[in-house]
Amino acid sequence: MAQEIQRQLQEAEVKQRELEARGVEVEKSLRNEKGEEGVPEQDLMAQWFSLVNEKNALVRFESELMAQAWELELEDRHSHLEQEIRTRLAVDESKKSDEDKKVEALLLEEMLEVVEQRDAIVAWLEEERLKERSEDQDIESMMLQKGLLTAIH
């Protein structure tokens with residue numbers, strides 16, 4: 001899974017560079033630096049907004065991949081901690097030293113921290129989704145103002 005995430009991140013990086021290059025070309029055309037004759041400004045603006053939307057979607061995808069990678073690391077750490085705790089709990093209490101008991105307590109604390117971090121990822125992803133909706137609405141408003149999109153009533 002981690003290798004798949006890494007591969008997808010690399011593909012997203014390549015696609016992002018391609019989008020940025022296309023965006024530069026469209027911006028140059030909009031400023032008449034490229035001299036692309038015959039392409040109406042309206043069409044260029046539509047292309048530019050389309051590229052912005054594609055790039056936003058790509059950035060969001062990358063963020064989700066990073067969150068998945070972080071979750072995988074936390075799941076792995078959780079699994080190791082769980083195994084270590086089970087091993088330690090299998091030992092009779094009367095045979096445990098004070099140091100053993102301290103280590104158990106620290107392991108439990110660390111496990112709680114891992115759970116809190118996983119919860120933080122979920123909260124962050126939800127926050128990002130809300131922010132993305134707002135950004136999408138802002139872009140849609142700009143497109144409506146420029147006449148690149150018609151309102152659906």
# chains A, B, ... in the order shown; residues from 1 in each chain; ligands from 1
>>> residues_around(residues="Met143 in chain A", least_positions_apart="5", cutoff="9 Å", atoms="only C-alpha atoms", output="ChimeraX atom specification")
/A:45-46,49,138,148-150
>>> residues_around(residues="Leu9 in chain A", least_positions_apart="2", cutoff="10 Å", atoms="only C-alpha atoms", output="list of chain:residue names")
A:Gln3, A:Glu4, A:Ile5, A:Gln6, A:Arg7, A:Glu11, A:Ala12, A:Glu13, A:Val14, A:Lys15, A:Leu58, A:Phe61, A:Glu62, A:Ser63, A:Leu65, A:Met66
>>> residues_around(residues="Arg17 in chain A", least_positions_apart="6", cutoff="12 Å", atoms="only C-alpha atoms", output="list in words")
Gln10, Glu11, Gly23, Val24, Leu51, Glu54, Lys55, Leu58 and Val59 of chain A
>>> closest_residue(among="A:Val91, A:Leu130, A:Ala123, A:Leu74", to="Met111 in chain A", atoms="only C-alpha atoms")
A:Leu74
>>> residues_around(residues="Arg88 in chain A", least_positions_apart="2", cutoff="10 Å", atoms="only C-alpha atoms", output="VMD selection string")
chain A and resid 82 to 86 90 to 93 96 100 to 101 103 to 104 107
>>> closest_residue(among="A:Glu132, A:Gln8, A:Asp76, A:Arg22", to="Ser50 in chain A", atoms="only C-alpha atoms")
A:Arg22
>>> closest_residue(among="A:Ser97, A:Gln42, A:Ser134, A:Ser29", to="Gly147 in chain A", atoms="only C-alpha atoms")
A:Gln42
>>> closest_residue(among="A:Ala67, A:Leu89, A:Ile139, A:Leu108", to="Trp124 in chain A", atoms="only C-alpha atoms")
A:Ala67
>>> residues_around(residues="Val52 in chain A", least_positions_apart="4", cutoff="9 Å", atoms="only C-alpha atoms", output="VMD selection string")
chain A and resid 19 23 47 to 48 56 to 57 139
>>> write_last_selection(atoms="all heavy atoms", output="compact mmCIF listing (two decimals), in the first residue's frame")
# COMPACT_ATOMS: atom_id res chain seq x y z
N LEU A 19 0.20 20.50 -15.78
CA LEU A 19 -0.86 21.50 -15.61
C LEU A 19 -0.29 22.90 -15.48
O LEU A 19 -0.82 23.86 -16.06
CB LEU A 19 -1.72 21.17 -14.39
CG LEU A 19 -2.67 19.99 -14.50
CD1 LEU A 19 -3.30 19.68 -13.16
CD2 LEU A 19 -3.74 20.26 -15.55
N GLY A 23 -0.94 25.97 -17.89
CA GLY A 23 -1.46 27.20 -17.29
C GLY A 23 -0.65 28.42 -17.71
O GLY A 23 -1.20 29.49 -18.00
N GLN A 47 -10.55 27.85 -20.35
CA GLN A 47 -9.42 26.92 -20.23
C GLN A 47 -8.66 27.15 -18.92
O GLN A 47 -8.28 26.20 -18.24
CB GLN A 47 -8.45 27.10 -21.40
CG GLN A 47 -8.91 26.57 -22.72
CD GLN A 47 -7.90 26.87 -23.82
OE1 GLN A 47 -6.70 26.97 -23.57
NE2 GLN A 47 -8.40 26.99 -25.05
N TRP A 48 -8.44 28.42 -18.60
CA TRP A 48 -7.69 28.75 -17.39
C TRP A 48 -8.44 28.25 -16.14
O TRP A 48 -7.84 27.64 -15.26
CB TRP A 48 -7.46 30.27 -17.31
CG TRP A 48 -6.56 30.65 -16.19
CD1 TRP A 48 -5.19 30.60 -16.17
CD2 TRP A 48 -6.97 31.11 -14.90
NE1 TRP A 48 -4.73 31.01 -14.95
CE2 TRP A 48 -5.80 31.34 -14.14
CE3 TRP A 48 -8.19 31.37 -14.30
CZ2 TRP A 48 -5.81 31.78 -12.84
CZ3 TRP A 48 -8.22 31.82 -13.00
CH2 TRP A 48 -7.04 32.03 -12.28
N ASN A 56 -6.50 22.13 -8.49
CA ASN A 56 -7.08 22.02 -7.15
C ASN A 56 -7.41 20.57 -6.82
O ASN A 56 -7.14 20.09 -5.72
CB ASN A 56 -8.32 22.89 -7.02
CG ASN A 56 -8.00 24.36 -6.89
OD1 ASN A 56 -6.86 24.74 -6.65
ND2 ASN A 56 -9.00 25.19 -7.08
N ALA A 57 -8.00 19.86 -7.78
CA ALA A 57 -8.35 18.46 -7.57
C ALA A 57 -7.09 17.63 -7.33
O ALA A 57 -7.06 16.74 -6.47
CB ALA A 57 -9.12 17.92 -8.76
N ILE A 139 -14.75 29.69 -6.87
CA ILE A 139 -14.38 29.58 -8.29
C ILE A 139 -15.62 29.61 -9.17
O ILE A 139 -15.66 30.28 -10.20
CB ILE A 139 -13.53 28.31 -8.54
CG1 ILE A 139 -12.15 28.47 -7.91
CG2 ILE A 139 -13.41 28.02 -10.03
CD1 ILE A 139 -11.30 27.24 -7.94
>>> select_by_dssp(residues="range 10-125 of chain A", states="alpha helix (DSSP H)", output="PyMOL selection string")
chain A and resi 10-30+41-89+98-125
>>> closest_residue(among="A:Leu30, A:Lys146, A:Leu81, A:Lys102", to="Val115 in chain A", atoms="only C-alpha atoms")
A:Leu81
>>> atom_distance(atom1="CA of His80 in chain A", atom2="CA of Val114 in chain A")
11.3 Å
>>> closest_residue(among="A:Ala2, A:Val122, A:Met142, A:Leu44", to="Lys28 in chain A", atoms="only C-alpha atoms")
A:Leu44
>>> atom_distance(atom1="CA of Glu113 in chain A", atom2="CA of Glu71 in chain A")
13.0 Å
>>> atom_distance(atom1="CA of Glu27 in chain A", atom2="CA of Lys131 in chain A")
25.9 Å
